[in-house]
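To be precise, the following lines are work.cif, and they hold mmCIF, C-alpha atoms and all ligand atoms.
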data_coords
#
loop_
_atom_site.label_atom_id
_atom_site.label_comp_id
_atom_site.auth_asym_id
_atom_site.auth_seq_id
_atom_site.Cartn_x
_atom_site.Cartn_y
_atom_site.Cartn_z
CA MET G 266 -10.20 -15.43 14.10
CA SER G 267 -13.50 -13.62 13.38
CA SER G 268 -15.34 -14.47 10.18
CA LYS G 269 -14.54 -10.95 8.91
CA LYS G 270 -10.84 -11.78 9.02
CA LYS G 271 -11.11 -15.11 7.20
CA ASN G 272 -9.89 -14.80 3.65
CA LYS G 273 -12.46 -16.74 1.66
CA ASN G 274 -11.46 -18.61 -1.43
CA HIS G 275 -11.61 -15.65 -3.82
CA GLY G 276 -7.87 -15.59 -4.48
CA ILE G 277 -7.27 -11.96 -3.59
CA PRO G 278 -7.29 -10.82 0.04
CA ARG G 279 -9.56 -7.83 0.27
CA ILE G 280 -9.93 -4.60 2.26
CA GLY G 281 -10.55 -5.46 5.91
CA ASP G 282 -8.94 -8.91 5.62
CA LYS G 283 -5.92 -9.85 7.68
CA ALA G 284 -2.84 -9.70 5.43
CA PRO G 285 -1.60 -13.27 4.96
CA ASP G 286 1.56 -13.99 6.91
CA PHE G 287 4.50 -15.74 5.25
CA THR G 288 8.16 -16.58 5.55
CA ALA G 289 10.27 -15.76 2.51
CA ILE G 290 13.77 -15.18 1.21
CA THR G 291 14.50 -11.51 0.61
CA THR G 292 17.49 -9.37 -0.27
CA ASP G 293 17.79 -8.69 3.49
CA GLY G 294 17.73 -12.43 4.32
CA GLU G 295 14.86 -14.66 5.38
CA ILE G 296 11.96 -12.84 6.97
CA THR G 297 8.66 -13.73 8.58
CA PHE G 298 6.42 -10.95 7.40
CA SER G 299 4.62 -10.33 10.72
CA ASP G 300 7.94 -10.10 12.62
CA TRP G 301 9.50 -7.89 9.98
CA GLN G 302 6.47 -5.59 10.00
CA GLY G 303 6.57 -4.93 13.75
CA ASP G 304 4.27 -1.99 14.52
CA SER G 305 4.70 -0.25 11.17
CA TRP G 306 2.41 0.30 8.26
CA VAL G 307 3.57 -1.62 5.18
CA VAL G 308 3.40 -1.06 1.45
CA LEU G 309 3.83 -4.52 -0.09
CA PHE G 310 4.14 -4.26 -3.86
CA SER G 311 4.81 -6.70 -6.67
CA HIS G 312 6.46 -6.02 -10.00
CA PRO G 313 6.40 -8.29 -13.05
CA ALA G 314 10.09 -9.01 -13.47
CA ASP G 315 13.62 -7.87 -12.71
CA PHE G 316 15.63 -6.16 -15.46
CA THR G 317 12.54 -4.74 -17.17
CA PRO G 318 12.17 -1.04 -17.96
CA VAL G 319 8.89 0.03 -16.36
CA CYS G 320 9.65 -1.95 -13.19
CA THR G 321 13.04 -0.27 -12.95
CA THR G 322 11.43 3.17 -13.04
CA GLU G 323 8.91 2.19 -10.37
CA LEU G 324 11.44 0.68 -7.99
CA CYS G 325 13.69 3.73 -8.37
CA GLU G 326 10.78 6.02 -7.58
CA PHE G 327 9.95 3.98 -4.46
CA ALA G 328 13.62 4.38 -3.50
CA LYS G 329 13.53 8.17 -4.04
CA LYS G 330 10.42 8.47 -1.88
CA SER G 331 11.54 5.95 0.77
CA ASP G 332 12.32 8.66 3.35
CA GLU G 333 8.81 10.01 2.94
CA PHE G 334 7.36 6.55 3.59
CA ALA G 335 9.68 6.11 6.60
CA LYS G 336 8.50 9.46 8.04
CA ARG G 337 5.01 7.95 7.98
CA ASN G 338 6.11 4.83 9.89
CA THR G 339 5.65 2.88 6.67
CA LYS G 340 7.97 0.10 5.49
CA LEU G 341 8.35 -0.80 1.83
CA ILE G 342 8.83 -4.33 0.52
CA GLY G 343 8.81 -5.52 -3.09
CA LEU G 344 8.18 -8.92 -4.65
CA SER G 345 8.53 -10.71 -7.94
CA ILE G 346 8.80 -14.26 -9.18
CA ASP G 347 12.55 -13.98 -9.59
CA SER G 348 15.49 -15.60 -7.85
CA ILE G 349 17.45 -13.93 -5.10
CA HIS G 350 20.47 -13.89 -7.46
CA SER G 351 18.45 -11.98 -10.04
CA HIS G 352 17.26 -9.48 -7.41
CA LEU G 353 20.80 -8.91 -6.16
CA ALA G 354 22.20 -8.49 -9.67
CA TRP G 355 19.40 -6.09 -10.67
CA ARG G 356 19.92 -3.98 -7.56
CA GLU G 357 23.64 -3.75 -8.35
CA ASN G 358 22.84 -2.84 -11.95
CA ILE G 359 20.46 -0.07 -10.84
CA LYS G 360 23.13 1.27 -8.50
CA GLU G 361 25.75 1.22 -11.23
CA LYS G 362 23.65 2.59 -14.11
CA LEU G 363 21.30 4.95 -12.28
CA GLY G 364 23.15 5.71 -9.05
CA ILE G 365 20.15 4.64 -6.96
CA GLU G 366 20.32 2.20 -4.05
CA LEU G 367 17.08 0.42 -3.27
CA PRO G 368 16.74 0.85 0.51
CA TYR G 369 14.00 -1.76 0.95
CA PRO G 370 13.99 -5.56 0.62
CA LEU G 371 12.77 -7.53 -2.38
CA ILE G 372 11.11 -10.90 -1.88
CA ALA G 373 12.38 -13.68 -4.17
CA ASP G 374 9.11 -15.55 -4.69
CA LEU G 375 10.32 -18.16 -7.14
CA ASP G 376 7.80 -20.77 -5.98
CA THR G 377 4.98 -18.12 -6.18
CA ARG G 378 3.85 -18.96 -2.63
CA VAL G 379 3.49 -15.33 -1.52
CA ALA G 380 2.13 -14.15 -4.88
CA GLN G 381 -0.61 -16.80 -4.69
CA LYS G 382 -1.57 -15.78 -1.15
CA TYR G 383 -1.97 -12.17 -2.25
CA GLY G 384 -3.62 -12.88 -5.62
CA MET G 385 -0.81 -11.15 -7.47
CA ILE G 386 -0.88 -13.47 -10.49
CA HIS G 387 -3.72 -12.63 -12.86
CA PRO G 388 -3.57 -15.48 -15.39
CA ASN G 389 -5.41 -13.66 -18.18
CA GLU G 390 -2.75 -10.93 -17.99
CA SER G 391 0.17 -13.34 -17.46
CA SER G 392 0.40 -16.75 -15.83
CA THR G 393 4.14 -16.46 -15.25
CA VAL G 394 4.68 -13.05 -13.66
CA THR G 395 3.00 -10.93 -11.01
CA VAL G 396 0.96 -7.88 -12.02
CA ARG G 397 1.72 -4.52 -10.43
CA ALA G 398 -0.06 -4.97 -7.10
CA VAL G 399 0.12 -2.70 -4.06
CA PHE G 400 -1.19 -3.68 -0.63
CA LEU G 401 -1.39 -1.03 2.10
CA ILE G 402 -1.37 -2.81 5.43
CA ASP G 403 -1.88 -1.18 8.83
CA PRO G 404 0.05 -2.05 12.01
CA SER G 405 -2.63 -4.57 13.04
CA ARG G 406 -1.89 -6.35 9.72
CA THR G 407 -5.28 -5.45 8.28
CA ILE G 408 -5.38 -4.64 4.57
CA GLN G 409 -6.56 -1.04 4.26
CA ALA G 410 -6.29 -0.61 0.50
CA LEU G 411 -5.12 -2.43 -2.60
CA ILE G 412 -4.27 -1.29 -6.10
CA TYR G 413 -3.70 -3.39 -9.21
CA TYR G 414 -2.11 -2.19 -12.43
CA PRO G 415 -1.41 -4.24 -15.59
CA LEU G 416 2.06 -5.10 -16.87
CA SER G 417 2.18 -2.26 -19.38
CA ASN G 418 1.56 0.70 -17.06
CA GLY G 419 3.67 2.04 -14.23
CA ARG G 420 2.11 3.13 -10.96
CA ASN G 421 2.11 6.64 -9.52
CA ILE G 422 4.22 6.43 -6.35
CA ASP G 423 3.05 9.88 -5.22
CA GLU G 424 -0.48 8.47 -5.24
CA VAL G 425 0.64 5.54 -3.06
CA LEU G 426 2.14 8.06 -0.63
CA ARG G 427 -1.01 10.19 -0.74
CA LEU G 428 -3.07 7.09 0.01
CA VAL G 429 -0.87 6.30 3.05
CA ASP G 430 -1.50 9.87 4.30
CA SER G 431 -5.18 9.53 3.63
CA LEU G 432 -5.54 6.14 5.37
CA GLN G 433 -3.49 7.26 8.35
CA THR G 434 -5.59 10.42 8.67
CA SER G 435 -8.80 8.39 8.59
CA ALA G 436 -7.43 5.97 11.18
CA ALA G 437 -6.23 8.74 13.50
CA HIS G 438 -9.23 11.08 13.27
CA GLY G 439 -12.22 8.91 12.30
CA VAL G 440 -12.84 11.00 9.20
CA ALA G 441 -13.04 10.37 5.46
CA THR G 442 -11.04 12.19 2.82
CA PRO G 443 -12.59 13.73 -0.30
CA VAL G 444 -11.49 13.44 -3.90
CA ASN G 445 -7.85 14.37 -4.55
CA TRP G 446 -7.36 15.12 -0.84
CA CYS G 447 -3.86 16.03 0.29
CA PRO G 448 -2.55 16.67 3.83
CA GLY G 449 -3.56 20.09 5.15
CA GLU G 450 -6.87 20.12 3.30
CA SER G 451 -10.25 19.81 4.98
CA VAL G 452 -11.67 16.36 5.55
CA VAL G 453 -15.14 14.90 5.31
CA VAL G 454 -17.12 14.22 8.47
CA PRO G 455 -18.78 10.80 8.12
CA PRO G 456 -22.51 11.28 7.46
CA PRO G 457 -24.93 11.01 10.39
CA LYS G 458 -26.82 7.76 10.89
CA THR G 459 -29.64 8.91 13.17
CA THR G 460 -31.99 11.88 13.43
CA GLU G 461 -30.32 12.77 16.70
CA ALA G 462 -26.91 12.77 15.01
CA VAL G 463 -28.25 15.04 12.24
CA LYS G 464 -29.32 17.58 14.89
CA GLU G 465 -26.12 17.31 16.89
CA ARG G 466 -24.00 17.80 13.83
CA ALA G 467 -25.89 20.95 12.77
CA GLY G 468 -24.47 22.72 15.83
CA LYS G 469 -20.86 21.86 15.08
CA ASP G 470 -18.31 24.22 13.62
CA TYR G 471 -18.18 22.40 10.28
CA LYS G 472 -18.51 23.72 6.76
CA HIS G 473 -22.04 22.39 6.17
CA VAL G 474 -23.13 21.85 2.57
CA ASP G 475 -26.12 19.67 3.40
CA PHE G 476 -27.04 17.26 6.20
CA TYR G 477 -24.98 14.49 4.62
CA LEU G 478 -22.02 16.53 3.43
CA ALA G 479 -19.86 18.47 5.87
CA PHE G 480 -16.18 19.33 5.95
CA LYS G 481 -13.94 20.18 8.85
CA GLU G 482 -10.36 21.29 9.39
CA LEU G 483 -7.91 19.08 11.25
CA GLU G 484 -5.62 20.97 13.58
CA ASP G 485 -3.00 18.30 14.28
CA GLN G 486 -2.33 16.61 10.98
CA ALA G 487 0.84 14.56 11.14
CA THR G 488 2.20 15.52 7.71
C1 LIG G 501 8.35 -3.56 -17.72
O1 LIG G 501 8.55 -3.42 -16.52
O2 LIG G 501 8.82 -2.80 -18.56
C2 LIG G 501 7.49 -4.69 -18.19
C3 LIG G 501 7.49 -5.88 -17.50
C4 LIG G 501 6.69 -6.91 -17.94
C5 LIG G 501 5.90 -6.75 -19.06
C6 LIG G 501 5.89 -5.54 -19.73
C7 LIG G 501 6.70 -4.49 -19.29
#
Would you write the structure of this file as structure tokens?
Ligand code: BEZ
Amino acid sequence: MSSKKKNKNHGIPRIGDKAPDFTAITTDGEITFSDWQGDSWVVLFSHPADFTPVCTTELCEFAKKSDEFAKRNTKLIGLSIDSIHSHLAWRENIKEKLGIELPYPLIADLDTRVAQKYGMIHPNESSTVTVRAVFLIDPSRTIQALIYYPLSNGRNIDEVLRLVDSLQTSAAHGVATPVNWCPGESVVVPPPKTTEAVKERAGKDYKHVDFYLAFKELEDQAT
């Protein structure tokens, strides 16, 4: 393992780190994360607790958007420090009361093993439950982005989806994406690093604003 991939003792794996592997009990049975992931992207998210209102809205929204994630070769998996019995009962309750089936597994992390590996417990927020963490992991199991929200505020699942699009576009085309970028919009060409590259770039069919800021259209965007 290269030194870049070693997760130092800072508690939270960071962008560019290898996502920690683990074996855990989930609502789909026991999984080893790396096997379960296969060659997909993954959105691994934690919620504070089952049978709580904000979490219920978030998990339902992930369910409603699950086809959109699947279209992007992206698997969803949730986690909280709850028992498998609690997860199963909550899923049933959501189905009964809201008519929504959660089509992704939930990890029952009662011993907090996975939450600790991913730095999902922020003791000054709560020492007993996970915060609202989201890890976006690419098919090589490298963490490409992470988001943390406190207990009191629900995430924007459309933003998670937009971030998947954005990361996948960067990975596929070697470009960056500007503020509020959405699929179909022009992307940012990474700035030149040499005088030669500045000259070469000037002759390209980009929308040039200045030597460091240029946009281009992508012809074959996946979404
Ligand atoms: C909620 O999901 O509603 C929630 C969970 C834990 C603390 C506060 C709110």
Q | Selection near Thr297 (chain G), 12 Å with only C-alpha atoms, sequence-local residues under 3 positions removed, as a ChimeraX atom specification | A | /G:285-291,293-294,300-303,372,379
Q) Between G:Thr434, G:Thr393, G:Ser345, G:Asn418, which one has atoms that come closest to Leu309 (chain G), using only C-alpha atoms? A)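 Of all the options, G:Ser345 lies closest to Leu309 (chain G).
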Between chain G and ligand LIG 501 (chain G), at 7 Å or less, what are the per-residue closest atom pairs and their distances in Å? Count all atoms listed in the file, order by chain and rising residue number, and return it as a tab-separated table.
residue	atom	partner	partner_atom	distance
G:Pro313	CA	G:LIG501	C4	5.1
G:Ala314	CA	G:LIG501	C3	5.7
G:Thr317	CA	G:LIG501	O1	4.3
G:Pro318	CA	G:LIG501	O2	3.8
G:Val319	CA	G:LIG501	O1	3.5
G:Cys320	CA	G:LIG501	O1	3.8
G:Thr321	CA	G:LIG501	O1	6.5
G:Leu416	CA	G:LIG501	C5	4.7
G:Ser417	CA	G:LIG501	C6	5.0
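Using all atoms listed in the file, the shortest contact distance between Ile386 (chain G) and any of G:Pro370, G:Ile277, G:Glu482, G:Arg427 is found at G:Ile277.
Excluding Gln433 (chain G) and any residue on its chain fewer than 4 positions from it, the residues at most 9 Å away by only C-alpha atoms are Arg337, Asp403, Leu428, Val429, Ala437, His438 and Ala487 of chain G.
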Any chance you could export the current selection's C-alpha atoms as an mmCIF file, in the coordinates of the input?
data_model
loop_
_atom_site.group_PDB
_atom_site.id
_atom_site.type_symbol
_atom_site.label_atom_id
_atom_site.label_comp_id
_atom_site.auth_asym_id
_atom_site.auth_seq_id
_atom_site.Cartn_x
_atom_site.Cartn_y
_atom_site.Cartn_z
ATOM 1 C CA ARG G 337 5.010 7.950 7.980
ATOM 2 C CA ASP G 403 -1.880 -1.180 8.830
ATOM 3 C CA LEU G 428 -3.070 7.090 0.010
ATOM 4 C CA VAL G 429 -0.870 6.300 3.050
ATOM 5 C CA ALA G 437 -6.230 8.740 13.500
ATOM 6 C CA HIS G 438 -9.230 11.080 13.270
ATOM 7 C CA ALA G 487 0.840 14.560 11.140
#
Draw an axis-aligned box over all listed atoms of region 368-371 of chain G, pad each side with 8 Å, and write its centre and edge lengths in Å, one decimal, as AutoDock Vina command-line options.
--center_x 14.8 --center_y -3.3 --center_z -0.7 --size_x 20.0 --size_y 24.4 --size_z 19.3
Q | Residue nearest Ile349 (chain G) - candidates G:Phe327, G:Leu411, G:Phe310, G:Thr292, atoms counted: only C-alpha atoms | A |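 Nearest candidate to Ile349 (chain G) out of G:Phe327, G:Leu411, G:Phe310, G:Thr292: G:Thr292.
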**Q.** Separation of CA of Ile280 (chain G) from CA of Leu344 (chain G), in Å and rounded to one decimal
**A.**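 So the answer is 19.9 Å.
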Q | Atomic distance CA of Gly281 (chain G) - CA of Glu461 (chain G), expressed in Å with one decimal | A |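 Straight-line distance from CA of Gly281 (chain G) to CA of Glu461 (chain G) works out to 29.0 Å.
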Q. Which polymer residues have any atom within 10 Å of an atom of Ser451 (chain G), counting only C-alpha atoms, with same-chain residues fewer than 5 positions away left out, as JSON, numbers by chain?
A. {"G": [441, 442, 443, 446, 471, 472, 479, 480, 481, 482, 483, 484]}
Q: Tell me, as number ranges by chain, which residues lie within 7 Å of Ile346 (chain G), counting all atoms listed in the file; anything in the same chain fewer than 2 positions away does not count.
A: G: 314, 348, 373-375, 377, 394-395
Q: Figure out the distance between CA of Ile296 (chain G) and CA of Ile422 (chain G), please, to one decimal in Å.
A: 24.7 Å
Q. With all atoms listed in the file as the atoms that count, which of G:Pro415, G:Gln381, G:Ala335, G:Asp315 lies nearest to Ser351 (chain G)?
A.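 Closest residue, counting all atoms listed in the file: G:Asp315.
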Q | Of the listed residues G:Asp423, G:Glu361, G:Glu295, G:Asp304, that which approaches Ser331 (chain G) most closely, counting all atoms listed in the file | A |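 Using all atoms listed in the file, the shortest distance to Ser331 (chain G) belongs to G:Asp423.
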